[in-house]
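Structure, as C-alpha cells:
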Amino acid sequence: MNKTIRRTSVFVLLLVLALLGRATWVQAYEGKALADDKKNRRKTIAQYAQPLGNIVVAGSPVTGSKKTEGTDLEYRRTYTDGELYAAVTGYSSQAYGATQLEGIYSDVLDGTDDRLKNPLDAVTRKQQQPGTVVTTIDPDVQKAAYRALGDTKGAAVALDPATGRVLAMVSTPSYDPSKISGTSDGDVWKALTADEDKPLVNRALRQPLPPGSTFKLVVAAAALEDGLYGSVDTATKSPDPYTLPNTRTVLKNENASAPCENATIRTALRYSCNNVFAKMAADLGQDKVKAMAEKFGFNDAELDVPVRAYASVYPSGMDQAQTALTGIGQFDVTATPLQMAMVSAAIANDGLLAAPHMVSEVVDSDGDPLTTFKDGDSERIVSSSTAEQLRSAMRTVVEEGTGTNAAVSGAEVGGKTGTAQHGENNSKTPYAWFTSYAKDPSTGKQVAVAVLIEDSGAARSEVSGNGLAAPVAQKMMAAALK
C-alpha cells in the first residue's frame, strides 16, 4: 500500500474512533445531564406528555391534569381547592417550574423517576406511569386553619406530637396554582410576584420572624433543665422593672399591674412577664439558651419536611443585654410557625420531639411504596418532668392567663401567646403569635399548633396573641380532636 494512503487511512480511522468515543461519552455519561438541562425542550415535552401523578390528601387527590390545545405540551396541571392546599402542594407550571411537593417529587409525578422503570425501560428511557405522593394532611384541620386566617397575612401549622405528622400547613394570602400552570399565564404571574403581600411565599416554612413571648417556653425549659429553678412554682429572682445588664434601658411589662416581681415561671408565663424571662436568659447565658433552642430545632439549616424550611435562628456573639432580649423572643431571634409548633409538640409529647413530616409515602402506579416516612422517629429534648411542668404552666395560661381564647371544650389545652416588635423602635404593627397543644382525654387524640398573624389590618392597640392568633389555634385544635 502506498505510504501516503496508509497514513491517511490511519488518520481517518483515528478520527472515526474519536467520533465513536465522543458519541459513547455523550450517550453514556452526559446523556442524563443533557436530558435534565432546563434548556432542553424535550424534557418539558416529556414531562407534560401524559397526565401527571397526583398529590393525595386523606385518600383523595387535590391535583389533576387537563388536556391542552395548540401546544406541544399535551397536559397542564390542575388543582382542587388550589388556594387551600397551595402551601402543601406548591405549583407545577409549564412556564415557571415547580415548587414544594410538586418540585421535590416532579420525577415521580411525571413518570421519569428511574424507580418507576424496569431494567429494560431504564435502557430505552421509556416513560412509565407516574407515581403518587400521599400526604399526612388532615383536611378538616387544614380547612379550619385556612378559614380562620381569612384575609389576614399569616400562617399556621398543626402537628401530631406523637408521630410528627403535619396535619395542616396554611399560608395566607394564598394563590391558586391552576392559574399559573400553563404557558400563557404571564399576567397572573406578574401580579403574584409584584404583590407586596408575597402570596407565593410559604410563611409557614420560609419566613422566620421574631417569635416574641412564645420563645419564653424555650427559656423556661432551659432554666428547668439547668436547675436554675427547681420547678415552675419556685419564685424567681426577678426585679420589676428590670434594667438590661450594663445599660440604662428599663424593660417594661405589657401589663404594668401584673404580679411579675420575683414571679414563678407559672405566673410569669400566665402574665407574660418580660422581666422574668429576660433576666432568666441573662442568668443562664447565651450558650445554655442556645443549646436548648437548638435541641428544639433552631439553627437547623437542613430541616426537611420534606420541603426544606428556612432555619429559625438563635444568635451568637451577644452581650448580656442582647442575651436578655432574646429571653423574650426579640433581638435577633427568629422562628417559623413550624418551629414554634415543634416546641409545643415536644412539650406535649412528654419531652420527645418527633421528626415533622407532611408526606407519609410515595408510591408507584400499582401502589407499591417507593419511599416511606417513619412516624414517631423522635429525640428527647427535655426530661419528662420538665415537659409535665411546662404543660401545667401552659394550661394556666389558657385557663387563667393571656391565652383564654384557645380553650376547647372538654379538652386539655395549654398555650403561650406572643406579641413581637416589628420595625425600628417598634414603629410598625407587631406580629401576633400563639403556640399550643391540646389533648382529648376520652379519645387520646392530641395536636400541637402554632399560628402567626403577620398583619391583620387591625389597629396597633388591638394586636395581641390572644386576640388574633389564639382563636385560629382554637379552631384548628377543635378540628383535630373532633
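The way I read the labels, and the way they are meant: chains A, B, ... in the order of the C-alpha cells, residue 1 as the first residue of every chain, and ligand 1 as the first ligand shown, with later ones counted on from there.
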*Would you please extract all strand (DSSP E) residues from range 165-268 of chain A, as assigned by DSSP on the backbone, and give them as a ChimeraX atom specification?*
/A:166-172,242-243,250-251
Could you save the residues just selected, with all heavy atoms, as an mmCIF file, in the first residue's frame?
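Wrote result_19.cif, looks like this:
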data_model
loop_
_atom_site.group_PDB
_atom_site.id
_atom_site.type_symbol
_atom_site.label_atom_id
_atom_site.label_comp_id
_atom_site.auth_asym_id
_atom_site.auth_seq_id
_atom_site.Cartn_x
_atom_site.Cartn_y
_atom_site.Cartn_z
ATOM 1 N N VAL A 166 -47.530 16.259 59.912
ATOM 2 C CA VAL A 166 -48.061 17.606 59.707
ATOM 3 C C VAL A 166 -49.534 17.458 59.339
ATOM 4 O O VAL A 166 -49.868 16.891 58.294
ATOM 5 C CB VAL A 166 -47.299 18.351 58.600
ATOM 6 C CG1 VAL A 166 -47.918 19.724 58.371
ATOM 7 C CG2 VAL A 166 -45.824 18.489 58.965
ATOM 8 N N LEU A 167 -50.404 17.962 60.186
ATOM 9 C CA LEU A 167 -51.838 17.835 59.972
ATOM 10 C C LEU A 167 -52.401 19.007 59.174
ATOM 11 O O LEU A 167 -53.452 18.889 58.543
ATOM 12 C CB LEU A 167 -52.567 17.716 61.311
ATOM 13 C CG LEU A 167 -52.113 16.564 62.220
ATOM 14 C CD1 LEU A 167 -52.898 16.585 63.521
ATOM 15 C CD2 LEU A 167 -52.278 15.229 61.502
ATOM 16 N N ALA A 168 -51.725 20.138 59.243
ATOM 17 C CA ALA A 168 -52.165 21.310 58.482
ATOM 18 C C ALA A 168 -50.970 22.222 58.260
ATOM 19 O O ALA A 168 -50.093 22.335 59.120
ATOM 20 C CB ALA A 168 -53.269 22.063 59.223
ATOM 21 N N MET A 169 -50.956 22.853 57.095
ATOM 22 C CA MET A 169 -49.950 23.865 56.781
ATOM 23 C C MET A 169 -50.597 24.878 55.858
ATOM 24 O O MET A 169 -50.945 24.572 54.719
ATOM 25 C CB MET A 169 -48.716 23.261 56.132
ATOM 26 C CG MET A 169 -47.621 24.286 55.854
ATOM 27 S SD MET A 169 -46.117 23.552 55.200
ATOM 28 C CE MET A 169 -45.577 22.606 56.620
ATOM 29 N N VAL A 170 -50.794 26.093 56.364
ATOM 30 C CA VAL A 170 -51.508 27.129 55.622
ATOM 31 C C VAL A 170 -50.694 28.413 55.655
ATOM 32 O O VAL A 170 -50.099 28.757 56.680
ATOM 33 C CB VAL A 170 -52.907 27.370 56.233
ATOM 34 C CG1 VAL A 170 -53.593 28.552 55.560
ATOM 35 C CG2 VAL A 170 -53.769 26.119 56.103
ATOM 36 N N SER A 171 -50.690 29.117 54.535
ATOM 37 C CA SER A 171 -50.053 30.425 54.443
ATOM 38 C C SER A 171 -51.008 31.361 53.716
ATOM 39 O O SER A 171 -51.529 31.015 52.652
ATOM 40 C CB SER A 171 -48.723 30.317 53.688
ATOM 41 O OG SER A 171 -48.114 31.583 53.527
ATOM 42 N N THR A 172 -51.255 32.528 54.296
ATOM 43 C CA THR A 172 -52.170 33.493 53.681
ATOM 44 C C THR A 172 -51.506 34.857 53.575
ATOM 45 O O THR A 172 -50.691 35.210 54.420
ATOM 46 C CB THR A 172 -53.469 33.614 54.503
ATOM 47 O OG1 THR A 172 -53.147 33.944 55.856
ATOM 48 C CG2 THR A 172 -54.270 32.329 54.471
ATOM 49 N N TYR A 242 -37.103 45.753 85.226
ATOM 50 C CA TYR A 242 -35.788 45.136 85.082
ATOM 51 C C TYR A 242 -34.944 45.981 84.133
ATOM 52 O O TYR A 242 -35.375 46.298 83.020
ATOM 53 C CB TYR A 242 -35.941 43.715 84.533
ATOM 54 C CG TYR A 242 -34.654 43.020 84.185
ATOM 55 C CD1 TYR A 242 -33.692 42.740 85.153
ATOM 56 C CD2 TYR A 242 -34.401 42.636 82.863
ATOM 57 C CE1 TYR A 242 -32.522 42.083 84.820
ATOM 58 C CE2 TYR A 242 -33.229 41.974 82.524
ATOM 59 C CZ TYR A 242 -32.291 41.713 83.507
ATOM 60 O OH TYR A 242 -31.117 41.070 83.177
ATOM 61 N N THR A 243 -33.751 46.334 84.571
ATOM 62 C CA THR A 243 -32.837 47.094 83.734
ATOM 63 C C THR A 243 -31.882 46.138 83.041
ATOM 64 O O THR A 243 -31.234 45.309 83.699
ATOM 65 C CB THR A 243 -32.033 48.109 84.568
ATOM 66 O OG1 THR A 243 -32.932 48.992 85.253
ATOM 67 C CG2 THR A 243 -31.107 48.934 83.674
ATOM 68 N N VAL A 250 -34.626 50.240 80.622
ATOM 69 C CA VAL A 250 -35.560 49.547 81.510
ATOM 70 C C VAL A 250 -36.547 48.756 80.660
ATOM 71 O O VAL A 250 -37.194 49.308 79.760
ATOM 72 C CB VAL A 250 -36.311 50.548 82.410
ATOM 73 C CG1 VAL A 250 -37.361 49.820 83.256
ATOM 74 C CG2 VAL A 250 -35.331 51.289 83.303
ATOM 75 N N LEU A 251 -36.649 47.482 80.960
ATOM 76 C CA LEU A 251 -37.563 46.605 80.232
ATOM 77 C C LEU A 251 -38.884 46.548 80.988
ATOM 78 O O LEU A 251 -38.937 46.118 82.144
ATOM 79 C CB LEU A 251 -36.961 45.204 80.097
ATOM 80 C CG LEU A 251 -37.709 44.207 79.215
ATOM 81 C CD1 LEU A 251 -37.732 44.674 77.768
ATOM 82 C CD2 LEU A 251 -37.065 42.834 79.322
#
*For Glu379 in chain A, please output as JSON, numbers by chain all residues within 9 Å (counting only C-alpha atoms; exclusion window: fewer than 4 positions along the same chain).*
{"A": [295, 351, 352, 353, 354, 355]}
*Contacts of Asp226 in chain A at 9 Å or less, counting only C-alpha atoms, minus same-chain residues fewer than 3 places along, as a PyMOL selection string?*
chain A and resi 221-223+229+284+288
Save the residues we just selected, N, CA, C and O atoms, as a compact mmCIF listing (two decimals), in the first residue's frame?
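Output file part-v6.txt follows:
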# COMPACT_ATOMS: atom_id res chain seq x y z
N ALA A 221 -37.74 26.11 79.62
CA ALA A 221 -37.21 24.75 79.53
C ALA A 221 -35.74 24.71 79.88
O ALA A 221 -35.27 23.82 80.60
N ALA A 222 -34.98 25.69 79.40
CA ALA A 222 -33.54 25.75 79.70
C ALA A 222 -33.31 25.95 81.19
O ALA A 222 -32.41 25.31 81.78
N ALA A 223 -34.10 26.80 81.81
CA ALA A 223 -33.93 27.07 83.25
C ALA A 223 -34.26 25.85 84.10
O ALA A 223 -33.56 25.55 85.08
N TYR A 229 -33.94 26.94 88.37
CA TYR A 229 -35.10 26.92 89.26
C TYR A 229 -35.63 25.50 89.34
O TYR A 229 -35.66 24.78 88.34
N LEU A 284 -28.81 32.53 82.70
CA LEU A 284 -28.39 31.28 82.06
C LEU A 284 -27.18 31.50 81.16
O LEU A 284 -26.27 30.66 81.08
N LYS A 288 -26.24 28.44 77.09
CA LYS A 288 -27.23 27.48 77.60
C LYS A 288 -28.58 27.67 76.90
O LYS A 288 -29.27 26.69 76.59
*asked:* Which residue is closest to Tyr175 in chain A? Choose from A:Thr417, A:Thr247, A:Asn255, A:Thr193 and count only C-alpha atoms.
replied: A:Thr193
Step one, run DSSP on the backbone; step two, keep only residues of range 305-388 of chain A assigned to alpha helix (DSSP H); then write them as a short mmCIF file (atom, residue, chain, number, x, y, z; two decimals) with C-alpha atoms, in the first residue's frame.
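Below you can see selection.cif, which holds the result:
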data_model
loop_
_atom_site.label_atom_id
_atom_site.label_comp_id
_atom_site.auth_asym_id
_atom_site.auth_seq_id
_atom_site.Cartn_x
_atom_site.Cartn_y
_atom_site.Cartn_z
CA GLN A 320 -25.59 40.35 78.30
CA ALA A 321 -28.22 42.91 77.39
CA GLN A 322 -28.76 41.34 73.98
CA THR A 323 -28.92 37.89 75.57
CA ALA A 324 -31.59 39.20 77.93
CA LEU A 325 -33.64 40.44 74.97
CA THR A 326 -33.51 37.01 73.38
CA PRO A 337 -44.61 28.70 62.65
CA LEU A 338 -43.31 25.17 62.02
CA GLN A 339 -40.56 25.73 64.57
CA MET A 340 -42.90 27.04 67.26
CA ALA A 341 -45.30 24.15 66.62
CA MET A 342 -42.32 21.83 67.20
CA VAL A 343 -41.71 23.46 70.59
CA SER A 344 -45.27 22.79 71.74
CA ALA A 345 -45.23 19.31 70.19
CA ALA A 346 -42.15 18.25 72.18
CA ILE A 347 -43.65 19.57 75.41
CA ALA A 348 -46.95 17.79 74.68
CA SER A 384 -40.44 14.02 81.27
CA SER A 385 -40.62 16.07 84.48
CA THR A 386 -39.77 19.33 82.71
CA ALA A 387 -42.31 18.63 79.98
CA GLU A 388 -45.04 17.90 82.54
#
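Among the candidates A:Asp197, A:Asp160, A:Glu400, A:Asp176, the residue lying nearest to Gln446 in chain A is A:Asp160 (atoms considered: only C-alpha atoms).
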